[in-house]
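Beneath this line is the structure, given in structure tokens, with notes to follow.
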Amino acid sequence: KKKIKKVEISTLDNLIRKGSGLNKRRLKKFNIKNYKINIEKFKLIESLPKFNVIIDCCAEPAIEASKKEPNRVFNTNLVGTFNVLKKCIKDKSHIVFLSSSRVYSIEKLRSLVKDLNLNKPLKIKNKINESFDTSSASSLYGFTKLASEKLVKEMFFTNKLKYIINRFGVIAGPWQFGKQDQGFVPLWIARHILRKNISYIGFGGKGNQVRDIIHIDDVCKIILIQIKKIKILHNDIFN
């Protein structure tokens with residue numbers, strides 16, 4: 001809020017996630033109004049004030065949740081973004097969409113990890129970047145984010161509105177509520193401090209996970225730059 005003059009910031013969060021109440025108090029401290037509504041309800045989204053730029057970071061990102069509650073994951077991640085985009089078009093708002101590194105194909109990622117474990121040099125075309133393979137399975141969460149990317153492109157194509165898509169890896173930092181299916185960095189730290197064990201549960205439990213982690217402060221800096229330079233950086237994907 002201090003970085004942009006004459007700006008009003010609002011948030012939308014139904015606060016169902018454990019630990020959300022902590023964020024609510026912090027938002028209030030900075031005079032940021034939160035709209036406690038379900039993103040699946042378009043009539044409620046439509047009734048919100050008009051915004052110049054919307055940062056869409058609404059998602060249920062946990063892979064385990066995709067297995068246990070597929071309907072909620074699908075409706076929050078894909079239907080929710082569809083509702084936000086309809087609101088953007090109605091109000092002629094630009095959007096910064098937070099996608100995910102989960103859009104990349106699992107099989108291609110596994111072959112990449114295999115090469116790393118064998119100390120094989122990576123070819124440029126195999127490195128994870130904006131053109132890395134997204135054609136095969138990537139988890140239900142990954143599908144909803146990739147489908148949302150396509151929705152952004154399709155719906156903004158004829159409306160001459162500006163979008164930016166960010167494919168972030170793991171985001172970590174202060175105030176993250178750490179648990180095994182989301183926020184594993186603070187979870188690891190907490191387990192270390194409390195001298196409790198951790199387990200490898202992904203990739204067959206073999207410990208082959210290779211992940212990029214980005215600090216929330218850097219995420220915010222990136223998005224601030226993008227908003228300020230949206231006339232130059234628009235309609236592109238950033239890995």
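Chains: A, B, ... in order of the structure tokens. Residues: from 1 per chain. Ligands: from 1, in order shown.
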Kindly provide the residues of stretch 88-196 of chain A that approach stretch 54-58 of chain A to within 6 Å, each paired with its closest atom pair and their distance in Å to one decimal, based on only C-alpha atoms, listed by chain and increasing number, as JSON lines.
{"residue": "A:Ile95", "atom": "CA", "partner": "A:Ile54", "partner_atom": "CA", "distance": 4.8}
{"residue": "A:Val96", "atom": "CA", "partner": "A:Ile55", "partner_atom": "CA", "distance": 4.7}
{"residue": "A:Phe97", "atom": "CA", "partner": "A:Asp56", "partner_atom": "CA", "distance": 4.9}
{"residue": "A:Leu98", "atom": "CA", "partner": "A:Cys57", "partner_atom": "CA", "distance": 5.1}
Residue subset to file, keeping C-alpha atoms, as a PDB file, in the first residue's frame:
ATOM      1  CA  ILE A  95      -5.768  -9.163 -14.095  1.00  0.00           C
ATOM      2  CA  VAL A  96      -2.589 -10.620 -12.603  1.00  0.00           C
ATOM      3  CA  PHE A  97      -3.246 -14.351 -12.368  1.00  0.00           C
ATOM      4  CA  LEU A  98      -1.240 -16.510  -9.980  1.00  0.00           C
TER       5      LEU A  98
END
Using only C-alpha atoms, determine which residues lie at most 10 Å from stretch 68-83 of chain A, disregarding the query and same-chain residues fewer than 6 positions distant; provide the list as an mmCIF file with N, CA, C and O atoms, in the first residue's frame.
data_model
loop_
_atom_site.group_PDB
_atom_site.id
_atom_site.type_symbol
_atom_site.label_atom_id
_atom_site.label_comp_id
_atom_site.auth_asym_id
_atom_site.auth_seq_id
_atom_site.Cartn_x
_atom_site.Cartn_y
_atom_site.Cartn_z
ATOM 1 N N ASN A 38 -18.006 -16.544 -0.896
ATOM 2 C CA ASN A 38 -17.565 -17.732 -1.618
ATOM 3 C C ASN A 38 -17.335 -17.374 -3.080
ATOM 4 O O ASN A 38 -18.253 -16.890 -3.758
ATOM 5 N N ILE A 39 -16.130 -17.634 -3.567
ATOM 6 C CA ILE A 39 -15.780 -17.252 -4.937
ATOM 7 C C ILE A 39 -16.585 -18.010 -5.997
ATOM 8 O O ILE A 39 -16.628 -17.628 -7.159
ATOM 9 N N GLU A 40 -17.249 -19.088 -5.589
ATOM 10 C CA GLU A 40 -18.084 -19.852 -6.514
ATOM 11 C C GLU A 40 -19.393 -19.126 -6.839
ATOM 12 O O GLU A 40 -20.079 -19.485 -7.798
ATOM 13 N N LYS A 41 -19.769 -18.129 -6.050
ATOM 14 C CA LYS A 41 -21.063 -17.446 -6.196
ATOM 15 C C LYS A 41 -20.897 -16.182 -7.036
ATOM 16 O O LYS A 41 -20.502 -15.129 -6.533
ATOM 17 N N PHE A 42 -21.216 -16.273 -8.324
ATOM 18 C CA PHE A 42 -20.975 -15.141 -9.217
ATOM 19 C C PHE A 42 -21.804 -13.923 -8.852
ATOM 20 O O PHE A 42 -21.330 -12.789 -8.964
ATOM 21 N N LYS A 43 -23.033 -14.119 -8.414
ATOM 22 C CA LYS A 43 -23.883 -12.978 -8.068
ATOM 23 C C LYS A 43 -23.228 -12.111 -6.988
ATOM 24 O O LYS A 43 -23.345 -10.891 -7.002
ATOM 25 N N LEU A 44 -22.531 -12.772 -6.058
ATOM 26 C CA LEU A 44 -21.834 -12.026 -5.009
ATOM 27 C C LEU A 44 -20.593 -11.328 -5.549
ATOM 28 O O LEU A 44 -20.288 -10.197 -5.178
ATOM 29 N N ILE A 45 -19.873 -12.026 -6.443
ATOM 30 C CA ILE A 45 -18.692 -11.421 -7.084
ATOM 31 C C ILE A 45 -19.116 -10.206 -7.910
ATOM 32 O O ILE A 45 -18.473 -9.153 -7.881
ATOM 33 N N GLU A 46 -20.204 -10.353 -8.635
ATOM 34 C CA GLU A 46 -20.691 -9.300 -9.524
ATOM 35 C C GLU A 46 -21.079 -8.042 -8.751
ATOM 36 O O GLU A 46 -20.959 -6.924 -9.257
ATOM 37 N N ASP A 56 -5.620 -12.390 -8.946
ATOM 38 C CA ASP A 56 -6.344 -13.639 -8.670
ATOM 39 C C ASP A 56 -5.372 -14.677 -8.115
ATOM 40 O O ASP A 56 -4.612 -15.286 -8.850
ATOM 41 N N CYS A 57 -5.410 -14.862 -6.800
ATOM 42 C CA CYS A 57 -4.575 -15.895 -6.184
ATOM 43 C C CYS A 57 -5.449 -16.875 -5.399
ATOM 44 O O CYS A 57 -4.992 -17.541 -4.473
ATOM 45 N N CYS A 58 -6.722 -16.934 -5.764
ATOM 46 C CA CYS A 58 -7.647 -17.846 -5.085
ATOM 47 C C CYS A 58 -7.415 -19.275 -5.561
ATOM 48 O O CYS A 58 -7.411 -19.535 -6.757
ATOM 49 N N ALA A 59 -7.204 -20.180 -4.622
ATOM 50 C CA ALA A 59 -7.002 -21.583 -5.010
ATOM 51 C C ALA A 59 -6.992 -22.482 -3.789
ATOM 52 O O ALA A 59 -6.650 -22.046 -2.691
ATOM 53 N N GLU A 60 -7.365 -23.724 -4.007
ATOM 54 C CA GLU A 60 -7.100 -24.795 -3.051
ATOM 55 C C GLU A 60 -5.913 -25.546 -3.629
ATOM 56 O O GLU A 60 -6.054 -26.342 -4.561
ATOM 57 N N PRO A 61 -4.684 -25.291 -3.123
ATOM 58 C CA PRO A 61 -3.484 -25.801 -3.772
ATOM 59 C C PRO A 61 -3.024 -27.178 -3.328
ATOM 60 O O PRO A 61 -2.093 -27.727 -3.908
ATOM 61 N N ALA A 62 -3.644 -27.742 -2.303
ATOM 62 C CA ALA A 62 -3.143 -29.001 -1.751
ATOM 63 C C ALA A 62 -3.484 -30.179 -2.662
ATOM 64 O O ALA A 62 -4.639 -30.364 -3.041
ATOM 65 N N PHE A 97 -2.781 -13.021 -12.778
ATOM 66 C CA PHE A 97 -3.246 -14.351 -12.368
ATOM 67 C C PHE A 97 -2.088 -15.178 -11.816
ATOM 68 O O PHE A 97 -1.062 -15.350 -12.480
ATOM 69 N N SER A 99 -0.769 -18.482 -11.276
ATOM 70 C CA SER A 99 -0.865 -19.883 -11.647
ATOM 71 C C SER A 99 0.144 -20.667 -10.810
ATOM 72 O O SER A 99 0.473 -20.270 -9.691
ATOM 73 N N LEU A 140 -5.084 -32.832 -10.416
ATOM 74 C CA LEU A 140 -6.310 -32.056 -10.621
ATOM 75 C C LEU A 140 -6.056 -30.575 -10.370
ATOM 76 O O LEU A 140 -6.547 -29.713 -11.099
ATOM 77 N N TYR A 141 -5.269 -30.280 -9.336
ATOM 78 C CA TYR A 141 -4.919 -28.889 -9.057
ATOM 79 C C TYR A 141 -4.200 -28.269 -10.250
ATOM 80 O O TYR A 141 -4.537 -27.171 -10.705
ATOM 81 N N GLY A 142 -3.190 -28.980 -10.782
ATOM 82 C CA GLY A 142 -2.451 -28.482 -11.938
ATOM 83 C C GLY A 142 -3.354 -28.256 -13.138
ATOM 84 O O GLY A 142 -3.228 -27.261 -13.854
ATOM 85 N N PHE A 143 -4.299 -29.185 -13.347
ATOM 86 C CA PHE A 143 -5.248 -29.027 -14.456
ATOM 87 C C PHE A 143 -6.084 -27.766 -14.296
ATOM 88 O O PHE A 143 -6.271 -27.002 -15.250
ATOM 89 N N THR A 144 -6.605 -27.533 -13.082
ATOM 90 C CA THR A 144 -7.463 -26.362 -12.886
ATOM 91 C C THR A 144 -6.697 -25.063 -13.114
ATOM 92 O O THR A 144 -7.248 -24.086 -13.631
ATOM 93 N N LYS A 145 -5.421 -25.041 -12.744
ATOM 94 C CA LYS A 145 -4.632 -23.820 -12.946
ATOM 95 C C LYS A 145 -4.298 -23.618 -14.429
ATOM 96 O O LYS A 145 -4.336 -22.500 -14.934
ATOM 97 N N LEU A 146 -3.966 -24.721 -15.131
ATOM 98 C CA LEU A 146 -3.679 -24.617 -16.564
ATOM 99 C C LEU A 146 -4.947 -24.230 -17.336
ATOM 100 O O LEU A 146 -4.899 -23.389 -18.240
ATOM 101 N N ALA A 147 -6.075 -24.833 -16.963
ATOM 102 C CA ALA A 147 -7.341 -24.487 -17.603
ATOM 103 C C ALA A 147 -7.704 -23.029 -17.326
ATOM 104 O O ALA A 147 -8.229 -22.323 -18.205
ATOM 105 N N SER A 148 -7.395 -22.558 -16.122
ATOM 106 C CA SER A 148 -7.645 -21.153 -15.782
ATOM 107 C C SER A 148 -6.779 -20.221 -16.627
ATOM 108 O O SER A 148 -7.230 -19.153 -17.054
ATOM 109 N N GLU A 149 -5.528 -20.621 -16.863
ATOM 110 C CA GLU A 149 -4.661 -19.835 -17.748
ATOM 111 C C GLU A 149 -5.310 -19.678 -19.122
ATOM 112 O O GLU A 149 -5.328 -18.582 -19.699
ATOM 113 N N LEU A 151 -8.461 -19.948 -19.861
ATOM 114 C CA LEU A 151 -9.643 -19.094 -19.720
ATOM 115 C C LEU A 151 -9.257 -17.618 -19.764
ATOM 116 O O LEU A 151 -9.924 -16.813 -20.414
ATOM 117 N N VAL A 152 -8.204 -17.266 -19.049
ATOM 118 C CA VAL A 152 -7.727 -15.881 -19.049
ATOM 119 C C VAL A 152 -7.435 -15.431 -20.481
ATOM 120 O O VAL A 152 -7.900 -14.371 -20.930
ATOM 121 N N MET A 155 -10.816 -15.321 -22.714
ATOM 122 C CA MET A 155 -11.800 -14.300 -22.372
ATOM 123 C C MET A 155 -11.268 -12.886 -22.546
ATOM 124 O O MET A 155 -12.034 -11.946 -22.735
#
Identify, on the basis of only C-alpha atoms, every residue whose closest approach to stretch 173-179 of chain A does not exceed 6 Å; exclude the query and any residue fewer than 6 positions from it along the same chain; express the result as a ChimeraX atom specification. /A:186-187,215-216
Using the selection just defined, write its residues with N, CA and C atoms as a PDB file, in the first residue's frame.
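Contents of selection22.pdb, as written:
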ATOM      1  N   PRO A 186       7.644 -23.926   6.594  1.00  0.00           N
ATOM      2  CA  PRO A 186       7.515 -23.696   8.039  1.00  0.00           C
ATOM      3  C   PRO A 186       7.238 -24.982   8.816  1.00  0.00           C
ATOM      4  N   LEU A 187       6.599 -25.953   8.157  1.00  0.00           N
ATOM      5  CA  LEU A 187       6.365 -27.242   8.825  1.00  0.00           C
ATOM      6  C   LEU A 187       7.697 -27.920   9.141  1.00  0.00           C
ATOM      7  N   HIS A 215      10.354 -16.637  -1.848  1.00  0.00           N
ATOM      8  CA  HIS A 215       9.898 -15.935  -0.651  1.00  0.00           C
ATOM      9  C   HIS A 215       8.739 -14.998  -1.000  1.00  0.00           C
ATOM     10  N   ILE A 216       7.778 -14.896  -0.098  1.00  0.00           N
ATOM     11  CA  ILE A 216       6.592 -14.069  -0.354  1.00  0.00           C
ATOM     12  C   ILE A 216       6.959 -12.618  -0.624  1.00  0.00           C
TER      13      ILE A 216
END
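Every protein or nucleic acid residue with an atom no more than 7 Å from stretch 22-37 of chain A, counting only C-alpha atoms and leaving out same-chain residues fewer than 3 positions away, appears here: Ile9, Ser10, Thr11, Leu12, Asp13, Asn14, Leu15 and Gly19 of chain A.
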Shell of 7 Å around stretch 132-136 of chain A, only C-alpha atoms, local chain residues under 3 positions omitted, as a PyMOL selection string: chain A and resi 103-105+108+128-129
Using N, CA, C and O atoms, can you write the selected residues to a file as a compact mmCIF listing (two decimals), in the first residue's frame?
# COMPACT_ATOMS: atom_id res chain seq x y z
N VAL A 103 1.40 -26.90 -13.25
CA VAL A 103 0.81 -27.09 -14.58
C VAL A 103 1.69 -27.98 -15.46
O VAL A 103 1.25 -28.51 -16.48
N TYR A 104 2.94 -28.18 -15.06
CA TYR A 104 3.87 -28.95 -15.88
C TYR A 104 3.64 -30.46 -15.72
O TYR A 104 3.31 -30.94 -14.63
N SER A 105 3.82 -31.19 -16.80
CA SER A 105 3.49 -32.62 -16.87
C SER A 105 4.33 -33.46 -15.91
O SER A 105 5.57 -33.34 -15.88
N LYS A 108 7.10 -35.79 -17.54
CA LYS A 108 8.28 -35.04 -18.00
C LYS A 108 9.14 -34.59 -16.81
O LYS A 108 10.36 -34.60 -16.87
N ILE A 128 13.05 -26.43 -16.99
CA ILE A 128 11.71 -25.94 -16.71
C ILE A 128 11.64 -24.45 -16.98
O ILE A 128 12.29 -23.65 -16.31
N ASN A 129 10.87 -24.10 -17.99
CA ASN A 129 10.64 -22.70 -18.33
C ASN A 129 9.22 -22.58 -18.89
O ASN A 129 8.43 -23.53 -18.82
Spatial neighbours of A:Arg211, 10 Å, only C-alpha atoms, chain gap at least 5 places, as a compact mmCIF listing (two decimals) with C-alpha atoms, in the first residue's frame:
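Saved the output as part.txt:
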# COMPACT_ATOMS: atom_id res chain seq x y z
CA SER A 101 4.50 -24.76 -11.44
CA GLY A 169 6.84 -22.62 -7.45
CA VAL A 170 6.47 -23.07 -3.70
Any idea what the distance is between atom CA of A:Ile232 and atom CA of A:Pro49? 26.4 Å
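Of the residues in stretch 78-216 of chain A, those that DSSP places in strand (DSSP E) on the basis of the backbone are His94, Ile95, Val96, Phe97, Leu98, Ser99, Ser100, Tyr163, Ile164, Ile165, Asn166, Arg167, Phe168, Val170, Ile171, Ala172, Ile213, Ile214 and His215 of chain A.
Between atom CA of A:Ile16 and atom CA of A:Ile171 the interatomic distance comes to 19.9 Å.
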